[in-house]
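*Asks:* File final02.cif follows (mmCIF, C-alpha atoms):
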```
data_coords
loop_
_atom_site.label_atom_id
_atom_site.label_comp_id
_atom_site.auth_asym_id
_atom_site.auth_seq_id
_atom_site.Cartn_x
_atom_site.Cartn_y
_atom_site.Cartn_z
CA MET A 280 40.05 3.78 26.40
CA THR A 281 41.96 1.09 28.26
CA LEU A 282 40.89 -1.14 31.10
CA THR A 283 43.91 -3.06 32.30
CA ASN A 284 42.12 -4.19 35.44
CA PRO A 285 38.60 -5.26 34.42
CA THR A 286 37.42 -5.71 38.00
CA THR A 287 37.93 -2.10 39.04
CA SER A 288 38.11 0.15 36.00
CA ALA A 289 35.19 1.99 34.41
CA PRO A 290 34.57 2.83 30.73
CA PRO A 291 34.61 6.42 29.47
CA ARG A 292 31.77 8.84 30.10
CA ARG A 293 30.49 8.76 26.54
CA PHE A 294 29.10 5.26 27.32
CA HIS A 295 27.19 3.92 30.28
CA SER A 296 29.17 2.22 33.03
CA ALA A 297 29.72 -1.54 32.89
CA ARG A 298 31.57 -3.81 35.31
CA PHE A 299 33.83 -6.63 34.15
CA GLY A 300 34.34 -8.55 37.36
CA GLY A 301 31.06 -10.40 37.57
CA GLY A 302 27.86 -11.04 35.70
CA ALA A 303 25.83 -8.03 36.86
CA LEU A 304 23.73 -6.44 34.16
CA PRO A 305 24.27 -2.75 33.40
CA ALA A 306 21.95 -0.14 34.85
CA SER A 307 21.23 1.14 31.35
CA GLN A 308 18.95 -1.87 30.78
CA PRO A 309 16.65 -1.99 33.83
CA GLU A 310 14.09 -4.08 32.01
CA LEU A 311 16.58 -6.97 32.00
CA LEU A 312 17.32 -6.78 35.70
CA ASN A 313 13.93 -8.32 36.53
CA VAL A 314 14.48 -11.32 34.27
CA ARG A 315 16.27 -14.15 36.00
CA PRO A 316 17.88 -17.00 34.03
CA GLU A 317 15.87 -19.61 35.92
CA ASN A 318 12.53 -17.98 35.06
CA PRO A 319 12.84 -15.75 32.00
CA GLN A 320 9.70 -14.15 30.58
CA LEU A 321 10.85 -12.36 27.46
CA PRO A 322 8.29 -11.12 24.94
CA ARG A 323 8.55 -11.70 21.24
CA ARG A 324 11.64 -10.05 19.80
CA SER A 325 11.14 -6.46 18.77
CA PRO A 326 13.51 -4.26 16.75
CA VAL A 327 16.49 -3.00 18.71
CA ASP A 328 16.10 0.46 20.23
CA THR A 329 18.84 2.40 18.47
CA GLY A 330 18.31 5.61 20.47
CA ALA A 331 18.92 4.29 23.97
CA GLY A 332 22.07 6.38 24.55
CA VAL A 333 24.44 3.39 24.52
CA PRO A 334 26.41 1.91 21.62
CA VAL A 335 24.00 -0.20 19.59
CA LEU A 336 26.79 -2.63 18.70
CA ASP A 337 29.59 -3.86 20.94
CA LEU A 338 32.04 -5.74 18.72
CA THR A 339 34.69 -7.70 20.62
CA VAL A 340 38.04 -8.55 19.03
CA PRO A 341 39.95 -11.16 21.11
CA VAL A 342 43.72 -10.79 20.71
CA PHE A 343 46.84 -12.62 21.75
CA ASN A 344 50.25 -11.55 20.43
CA GLU A 345 48.84 -9.83 17.35
CA GLU A 346 51.38 -7.00 17.13
CA ALA A 347 52.27 -7.58 13.47
CA HIS A 348 48.91 -6.63 11.96
CA LEU A 349 46.80 -5.33 14.85
CA GLU A 350 46.97 -1.60 14.10
CA LYS A 351 46.21 -2.01 10.41
CA ASN A 352 43.31 -4.39 11.06
CA LEU A 353 41.74 -2.31 13.82
CA ARG A 354 41.91 0.82 11.66
CA THR A 355 40.32 -1.12 8.80
CA LEU A 356 37.54 -2.42 11.06
CA HIS A 357 36.92 1.00 12.60
CA GLY A 358 36.83 2.66 9.19
CA HIS A 359 34.38 0.07 7.87
CA LEU A 360 31.98 0.52 10.78
CA SER A 361 32.27 4.31 10.64
CA GLY A 362 31.43 4.31 6.95
CA THR A 363 28.76 1.62 6.74
CA PHE A 364 27.14 1.01 10.15
CA PRO A 365 24.31 3.55 10.60
CA HIS A 366 24.22 3.37 14.41
CA THR A 367 26.59 3.94 17.31
CA PHE A 368 29.16 1.25 17.95
CA ARG A 369 32.05 0.27 20.16
CA ILE A 370 35.04 -1.95 19.40
CA THR A 371 36.34 -3.82 22.45
CA VAL A 372 39.83 -5.27 22.17
CA ALA A 373 40.04 -8.21 24.61
CA ASP A 374 43.73 -8.81 25.29
CA ASN A 375 44.40 -12.33 26.60
CA SER A 376 47.67 -11.55 28.41
CA SER A 377 49.74 -10.88 25.30
CA THR A 378 53.49 -10.99 25.82
CA ASP A 379 54.47 -8.78 22.85
CA SER A 380 53.49 -5.19 21.96
CA THR A 381 49.84 -5.98 21.33
CA LEU A 382 48.55 -4.23 24.46
CA ARG A 383 50.66 -1.12 23.90
CA ILE A 384 49.47 -0.78 20.29
CA ALA A 385 45.84 -1.23 21.26
CA GLU A 386 46.12 1.32 24.08
CA ARG A 387 47.62 3.90 21.74
CA LEU A 388 44.81 3.40 19.23
CA ALA A 389 42.22 3.65 22.02
CA ARG A 390 43.52 7.12 22.88
CA GLU A 391 43.07 8.13 19.25
CA LEU A 392 39.77 6.44 18.36
CA PRO A 393 36.91 7.27 20.78
CA GLU A 394 34.92 4.15 19.78
CA LEU A 395 37.77 1.83 20.76
CA ARG A 396 38.53 0.47 24.22
CA VAL A 397 40.90 -2.18 25.53
CA VAL A 398 40.30 -4.72 28.28
CA ARG A 399 43.18 -6.91 29.48
CA PHE A 400 42.48 -10.31 31.01
CA GLN A 401 44.97 -12.19 33.15
CA GLU A 402 43.27 -15.51 32.37
CA ARG A 403 43.61 -16.62 28.77
CA GLY A 404 40.73 -18.00 26.77
CA ARG A 405 38.36 -16.64 24.16
CA GLY A 406 35.32 -18.03 25.96
CA ASN A 407 36.32 -16.42 29.25
CA ALA A 408 36.80 -13.01 27.62
CA LEU A 409 33.59 -13.07 25.61
CA ARG A 410 31.46 -14.28 28.53
CA ARG A 411 32.70 -11.59 30.92
CA LEU A 412 32.49 -8.78 28.39
CA TRP A 413 29.10 -9.74 27.02
CA GLN A 414 27.51 -10.28 30.41
CA SER A 415 28.29 -6.73 31.42
CA SER A 416 27.97 -4.87 28.12
CA PRO A 417 25.21 -2.22 27.93
CA SER A 418 24.82 -2.66 24.16
CA PRO A 419 21.72 -4.44 22.78
CA VAL A 420 23.71 -6.27 20.06
CA LEU A 421 26.93 -8.14 20.86
CA ALA A 422 29.34 -9.59 18.33
CA TYR A 423 32.89 -10.80 17.91
CA MET A 424 35.33 -11.48 15.11
CA GLU A 425 38.94 -12.59 14.79
CA ALA A 426 41.70 -9.98 14.92
CA ASP A 427 43.24 -11.17 11.65
CA LEU A 428 40.07 -10.13 9.76
CA SER A 429 39.92 -13.49 8.02
CA THR A 430 36.24 -12.78 7.38
CA ASP A 431 35.49 -10.28 4.63
CA LEU A 432 33.84 -7.28 6.32
CA SER A 433 31.08 -7.18 3.69
CA ALA A 434 29.39 -9.95 5.70
CA LEU A 435 29.07 -7.76 8.81
CA ALA A 436 25.87 -6.01 7.72
CA PRO A 437 24.05 -9.29 6.87
CA LEU A 438 25.21 -10.68 10.23
CA LEU A 439 23.74 -7.82 12.25
CA ALA A 440 20.57 -7.03 10.26
CA PRO A 441 18.39 -9.95 11.52
CA LEU A 442 19.28 -9.15 15.14
CA LEU A 443 18.55 -5.44 14.77
CA SER A 444 15.18 -6.17 13.17
CA GLY A 445 14.18 -8.76 15.76
CA HIS A 446 13.99 -11.56 13.19
CA SER A 447 16.67 -13.72 14.83
CA ASP A 448 18.26 -14.28 18.24
CA LEU A 449 21.77 -15.20 17.10
CA ALA A 450 23.63 -14.87 13.81
CA VAL A 451 26.69 -16.87 12.77
CA GLY A 452 29.01 -16.86 9.81
CA THR A 453 29.54 -20.06 7.87
CA ARG A 454 32.48 -21.02 5.68
CA LEU A 455 30.77 -24.24 4.57
CA ALA A 456 27.79 -22.80 2.70
CA PRO A 457 27.71 -23.18 -1.10
CA ASP A 458 27.87 -19.39 -1.47
CA SER A 459 30.93 -19.03 0.78
CA ARG A 460 34.34 -18.41 -0.75
CA VAL A 461 37.13 -19.84 1.35
CA VAL A 462 40.88 -19.80 0.95
CA ARG A 463 42.60 -22.18 3.38
CA SER A 464 44.71 -25.30 3.42
CA GLY A 465 43.27 -28.72 2.69
CA GLY A 466 44.16 -29.88 6.19
CA ARG A 467 42.19 -27.11 7.88
CA GLU A 468 39.27 -27.67 5.50
CA PHE A 469 39.20 -31.39 6.36
CA THR A 470 39.46 -30.67 10.10
CA SER A 471 36.63 -28.14 9.98
CA ARG A 472 34.28 -30.37 8.02
CA SER A 473 35.06 -33.39 10.21
CA TYR A 474 34.44 -31.38 13.38
CA ASN A 475 31.07 -30.11 12.19
CA ALA A 476 30.03 -33.56 10.96
CA LEU A 477 30.85 -34.95 14.39
CA LEU A 478 28.79 -32.20 16.02
CA ARG A 479 25.80 -33.05 13.86
CA THR A 480 26.08 -36.72 14.79
CA VAL A 481 26.78 -36.41 18.52
CA LEU A 482 24.93 -33.24 19.52
CA GLY A 483 22.38 -32.96 16.73
CA THR A 484 23.20 -29.36 15.87
CA ARG A 485 21.97 -27.88 12.61
CA ILE A 486 24.63 -25.20 12.47
CA SER A 487 26.84 -25.82 9.45
CA ASP A 488 30.00 -24.15 10.83
CA ALA A 489 29.95 -23.87 14.62
CA GLN A 490 33.49 -22.54 15.01
CA CYS A 491 33.60 -19.77 12.45
CA GLY A 492 35.04 -16.78 14.33
CA PHE A 493 32.26 -14.42 13.26
CA LYS A 494 29.14 -14.33 15.44
CA ALA A 495 26.57 -11.98 16.93
CA VAL A 496 23.81 -12.30 19.54
CA ARG A 497 21.12 -10.10 21.00
CA ALA A 498 22.11 -9.00 24.48
CA ASP A 499 18.81 -9.96 26.11
CA VAL A 500 19.35 -13.53 24.90
CA ALA A 501 23.04 -13.57 25.77
CA HIS A 502 22.48 -12.43 29.35
CA LEU A 503 20.22 -15.43 29.93
CA LEU A 504 22.25 -18.09 28.10
CA LEU A 505 25.78 -17.16 29.17
CA PRO A 506 25.40 -18.26 32.83
CA HIS A 507 24.77 -21.78 31.49
CA THR A 508 28.01 -21.92 29.48
CA LYS A 509 31.13 -23.35 31.08
CA ASP A 510 33.89 -23.48 28.49
CA ASP A 511 36.53 -20.74 28.65
CA GLY A 512 38.30 -21.63 25.42
CA TRP A 513 37.52 -22.33 21.77
CA PHE A 514 34.57 -24.63 22.49
CA PHE A 515 32.62 -21.68 23.93
CA ASP A 516 31.13 -20.90 20.49
CA THR A 517 29.83 -24.41 20.00
CA GLU A 518 28.43 -24.63 23.52
CA LEU A 519 26.51 -21.36 23.18
CA LEU A 520 25.05 -22.36 19.81
CA VAL A 521 23.99 -25.84 20.93
CA ILE A 522 22.30 -24.44 24.05
CA ALA A 523 20.52 -21.79 21.97
CA GLU A 524 19.37 -24.41 19.48
CA ARG A 525 18.04 -26.70 22.21
CA CYS A 526 16.06 -23.76 23.56
CA GLY A 527 14.31 -23.24 20.25
CA LEU A 528 15.99 -19.94 19.43
CA ARG A 529 16.27 -18.65 15.90
CA ILE A 530 19.83 -18.76 14.53
CA HIS A 531 20.62 -17.02 11.26
CA GLU A 532 23.52 -18.26 9.15
CA VAL A 533 25.46 -15.91 6.87
CA PRO A 534 27.78 -17.22 4.11
CA VAL A 535 31.15 -15.51 4.42
CA ASP A 536 34.24 -15.04 2.32
CA TRP A 537 37.14 -16.29 4.41
CA THR A 538 40.89 -16.13 3.88
CA ASP A 539 42.78 -18.21 6.42
CA ASP A 540 45.72 -16.62 8.22
CA PRO A 541 48.76 -18.82 7.45
CA ASN A 542 50.53 -17.42 10.53
CA SER A 543 47.76 -18.35 12.95
CA SER A 544 49.06 -19.43 16.35
CA VAL A 545 46.17 -21.83 16.99
CA ASP A 546 47.32 -25.31 17.98
CA VAL A 547 44.96 -27.40 15.86
CA VAL A 548 45.64 -30.73 17.62
CA ARG A 549 45.33 -29.28 21.11
CA THR A 550 42.17 -27.39 20.15
CA ALA A 551 40.63 -30.51 18.58
CA LEU A 552 41.22 -32.55 21.75
CA ALA A 553 39.73 -29.79 23.89
CA ASP A 554 36.69 -29.70 21.59
CA LEU A 555 36.19 -33.45 21.93
CA ARG A 556 36.28 -33.12 25.72
CA GLY A 557 33.84 -30.23 25.45
CA MET A 558 31.41 -32.31 23.39
CA ALA A 559 31.51 -35.14 25.93
CA ARG A 560 30.94 -32.73 28.82
CA LEU A 561 28.11 -30.87 27.06
CA THR A 562 26.37 -34.17 26.23
CA ARG A 563 26.34 -34.97 29.95
CA ASP A 564 25.23 -31.46 30.93
CA LEU A 565 22.20 -31.58 28.63
CA ARG A 566 20.71 -34.61 30.33
CA PRO A 567 17.29 -34.33 32.00
CA GLY A 568 17.24 -32.33 35.20
CA ARG A 569 20.61 -30.71 34.55
CA PHE A 570 19.63 -28.09 32.00
CA PRO A 571 16.44 -25.96 32.09
CA VAL A 572 15.39 -26.31 28.45
CA ARG A 573 11.74 -25.43 29.06
CA GLU A 574 12.57 -22.41 31.19
CA LEU A 575 14.90 -21.01 28.54
CA ARG A 576 12.46 -20.92 25.65
CA LEU A 577 12.92 -17.14 25.92
CA GLY A 578 9.48 -16.16 24.72
CA ARG A 579 9.63 -17.76 21.29
CA ASP A 580 6.26 -19.29 20.43
CA ARG A 581 7.78 -22.21 18.57
CA THR A 582 9.69 -25.26 19.73
CA ALA A 583 13.06 -26.29 18.50
CA PRO A 584 13.03 -27.46 14.86
CA GLY A 585 12.21 -31.08 14.30
CA THR A 586 11.01 -31.85 17.84
CA GLY A 587 7.44 -32.79 16.86
CA LEU A 588 6.33 -36.36 16.11
CA ALA A 589 5.61 -35.55 12.46
CA GLY A 590 9.08 -34.04 12.09
CA ARG A 591 10.70 -37.13 13.58
CA VAL A 592 8.74 -39.49 11.33
CA LEU A 593 9.50 -37.49 8.20
CA GLY A 594 13.16 -37.23 9.22
CA ALA A 595 13.41 -40.99 9.75
CA VAL A 596 11.77 -41.76 6.39
CA ALA A 597 14.02 -39.28 4.57
CA TRP A 598 17.13 -40.64 6.28
CA THR A 599 16.38 -44.28 5.50
CA SER A 600 15.41 -43.49 1.90
CA LEU A 601 18.68 -41.67 1.28
CA TYR A 602 20.61 -44.41 3.05
CA ALA A 603 19.02 -47.08 0.86
CA LEU A 604 19.69 -45.01 -2.27
CA PHE A 605 23.38 -44.64 -1.39
CA PHE A 606 23.59 -48.38 -0.83
CA VAL A 607 21.94 -49.23 -4.15
CA LEU A 608 24.28 -46.92 -6.05
CA LEU A 609 27.36 -48.28 -4.29
CA ARG A 610 26.17 -51.89 -4.65
CA SER A 611 26.73 -51.73 -8.39
CA VAL A 612 30.48 -51.37 -7.86
CA VAL A 613 31.28 -53.08 -4.52
CA ASP A 614 30.08 -56.02 -2.46
CA PRO A 615 27.11 -55.67 -0.05
CA LEU A 616 28.97 -55.26 3.25
CA PRO A 617 31.45 -52.61 2.04
CA ALA A 618 28.60 -50.79 0.28
CA ASN A 619 26.64 -50.79 3.53
CA PHE A 620 29.49 -49.41 5.62
CA ILE A 621 30.28 -46.70 3.07
CA ALA A 622 26.61 -45.69 2.88
CA LEU A 623 26.40 -45.48 6.67
CA ALA A 624 29.58 -43.39 6.80
CA LEU A 625 28.16 -41.01 4.18
CA MET A 626 24.93 -40.62 6.12
CA ALA A 627 26.78 -40.01 9.38
CA SER A 628 28.88 -37.23 7.83
CA THR A 629 26.24 -35.49 5.71
CA THR A 630 23.05 -35.60 7.78
CA ARG A 631 22.14 -33.79 10.96
CA LEU A 632 21.22 -36.33 13.61
CA ARG A 633 19.82 -35.56 17.04
CA ILE A 634 21.53 -36.63 20.25
CA GLN A 635 20.21 -40.19 19.94
CA GLY A 636 22.04 -40.47 16.60
CA PRO A 637 24.94 -42.62 17.89
CA VAL A 638 22.49 -45.20 19.26
CA MET A 639 20.54 -45.16 16.02
CA LEU A 640 23.68 -45.59 13.93
CA LEU A 641 24.89 -48.47 16.08
CA LEU A 642 21.55 -50.28 15.87
CA THR A 643 21.28 -49.67 12.13
CA THR A 644 24.81 -50.99 11.60
CA LEU A 645 24.14 -54.15 13.60
CA LEU A 646 20.73 -54.82 12.02
CA SER A 647 21.83 -54.11 8.45
CA THR A 648 24.97 -56.25 8.77
CA ALA A 649 22.95 -59.14 10.17
CA ALA A 650 20.34 -58.76 7.42
CA LEU A 651 22.94 -58.80 4.66
CA ALA A 652 24.49 -61.92 6.18
CA ILE A 653 21.17 -63.78 6.46
CA LEU A 654 19.52 -62.65 3.21
CA PRO A 655 21.61 -64.83 0.80
CA VAL A 656 20.69 -67.89 2.86
CA MET A 657 16.97 -67.18 2.46
CA THR A 658 16.78 -66.08 -1.18
CA THR A 659 18.70 -64.88 -4.20
CA ALA A 660 18.57 -61.17 -3.59
CA ASP A 661 19.28 -58.36 -6.02
CA ARG A 662 20.51 -54.93 -4.94
CA TRP A 663 16.98 -53.49 -4.82
CA LEU A 664 15.78 -56.12 -2.35
CA GLU A 665 18.95 -55.57 -0.32
CA GLY A 666 18.24 -51.83 -0.32
CA ALA A 667 14.66 -52.40 0.87
CA VAL A 668 15.91 -54.64 3.70
CA LEU A 669 18.45 -52.01 4.75
CA ALA A 670 15.74 -49.35 4.70
CA ALA A 671 13.76 -51.47 7.15
CA ALA A 672 16.89 -51.83 9.28
CA GLY A 673 17.30 -48.05 9.22
CA LEU A 674 13.72 -47.48 10.38
CA ALA A 675 14.20 -50.04 13.15
CA GLY A 676 17.39 -48.23 14.18
CA HIS A 677 15.51 -44.93 14.33
CA ILE A 678 12.87 -46.45 16.57
CA GLY A 679 15.55 -47.83 18.87
CA GLY A 680 17.36 -44.48 18.94
CA TYR A 681 14.10 -42.68 19.71
CA VAL A 682 13.31 -45.02 22.61
CA ALA A 683 16.83 -44.58 23.98
CA GLY A 684 16.57 -40.83 23.54
CA ARG A 685 13.32 -40.60 25.50
CA ARG A 686 15.08 -42.19 28.45
CA ARG A 687 18.00 -39.76 28.28
CA LEU A 688 16.53 -36.41 27.25
CA ALA A 689 14.06 -33.93 28.66
CA PRO A 690 10.54 -34.47 27.20
CA ASP A 691 10.59 -31.24 25.18
CA VAL A 692 13.91 -32.21 23.57
CA THR A 693 12.89 -35.72 22.60
#
```
Could you render the structure as structure tokens?
*Replies:*
Amino acid sequence: MTLTNPTTSAPPRRFHSARFGGGALPASQPELLNVRPENPQLPRRSPVDTGAGVPVLDLTVPVFNEEAHLEKNLRTLHGHLSGTFPHTFRITVADNSSTDSTLRIAERLARELPELRVVRFQERGRGNALRRLWQSSPSPVLAYMEADLSTDLSALAPLLAPLLSGHSDLAVGTRLAPDSRVVRSGGREFTSRSYNALLRTVLGTRISDAQCGFKAVRADVAHLLLPHTKDDGWFFDTELLVIAERCGLRIHEVPVDWTDDPNSSVDVVRTALADLRGMARLTRDLRPGRFPVRELRLGRDRTAPGTGLAGRVLGAVAWTSLYALFFVLLRSVVDPLPANFIALALMASTTRLRIQGPVMLLLTTLLSTAALAILPVMTTADRWLEGAVLAAAGLAGHIGGYVAGRRRLAPDVT
């Protein structure tokens, strides 16, 4: 089936009708129509109803000029789902105004495969396509993956299982887990790890690989979170995950085997700059009074991880202990100041700080540098005493970051 005009066309009769022009929820889920984003009252997650008469899974494949391998990959994906997925499914090809034969190939396959449909968007952007399709999909489980099938399809079942059972709200693939097997260039590996380290420092996310193109979400959760997302491009993934995490939702990570497409048309530099702008904008948007964190708890009876006082204290002690240990180990081979800066850089890139992390790091850097400058004047210090002093500086930095965070964040986030 093909929808070349998503604002007026309707899907085939085998599935319930869904509109692609706005954010209206489908009539096949009346229980969601009474839940407004500003006042959601969702119960605890229950297993997905697999006999509701709609496709249980709606898997979106965003495409742009993919004519070379599209037919082969879509047939592979369709065959895998037909042979392994025990419920009904639909594959939605989201064409972002391709200028080659991509649309024609997808339309031909849609006439052959009843579980395949095509939707063409005039406005480019993965985030725009996913938001519009997911907001109006009748399926209870929504997912997307890249058209090049970089992710090994054996990870699809582990991705969907926790959502079908009600265990988790979102599921994401990760290429950075110890169990993941990844084939890609050193440059892309460095860029990916740097991006995720920056996310942990600036936005405090605990997701190890926010931009892996392999994600799934329960529709009841998606319909409430999507109106609060703004990015229409590659940052959409990160924005959705950070918002979900702030709302205390359960996110399941799945190690994946990933083989990078060497012919990918993604402009890494342009995408990286857009992501940096997205991080700055999202940091502003999550300030108190701008984002309804409390209202979007979505029925979970637990708060976001690490938001309690005990969690903050334990986190601060663990952070400073590891920081001091790094310093002591480095101090045996380099001078105090270089050892301190290297230890701080290691902590910034390997630990998952909350939003007040930048303030904490700045204070810790200033206090530790001052302490190392003053300490030789006061006494003959060995590396263990220097490490203890830096641990105290780290704790002081955490206190300063916490105080700054309380002034900037909603009470339930701080």
*Asks:* Identify the residues around (28.0, -53.4, 0.4) within a radius of 10 Å, measuring from all atoms listed in the file in the coordinates stated by the file, and give them as an MDAnalysis selection string.
*Replies:* chainID A and resid 606:622 648 651 662 665:666
*Asks:* Evaluate the PyMOL selection byres ((chain A and resi 489) around 7) and record the selected residues as a list of chain:residue names, following the chain and residue labels used in the document.
*Replies:* A:Asn475, A:Ile486, A:Ser487, A:Asp488, A:Gln490, A:Cys491, A:Asp516, A:Thr517
*Asks:* Nearest residue to Arg497 of chain A out of A:Leu442, A:Leu455, A:Ala624, A:Leu435, using only C-alpha atoms?
*Replies:* A:Leu442
*Asks:* Excluding Tyr474 of chain A and residues on its chain fewer than 2 positions from it, collect all residues at most 9 Å away from it, counting all atoms listed in the file, and give them as a PyMOL selection string.
*Replies:* chain A and resi 469-472+476-479+488-489+551+554-555
*Asks:* Using all atoms of segment 460-469 of chain A listed in the file and a margin of 3 Å per side, can you give the axis-aligned box centre and edge lengths in Å to one decimal, as AutoDock Vina command-line options?
*Replies:*
```
--center_x 39.5 --center_y -24.9 --center_z 3.6 --size_x 16.4 --size_y 19.0 --size_z 14.6
```
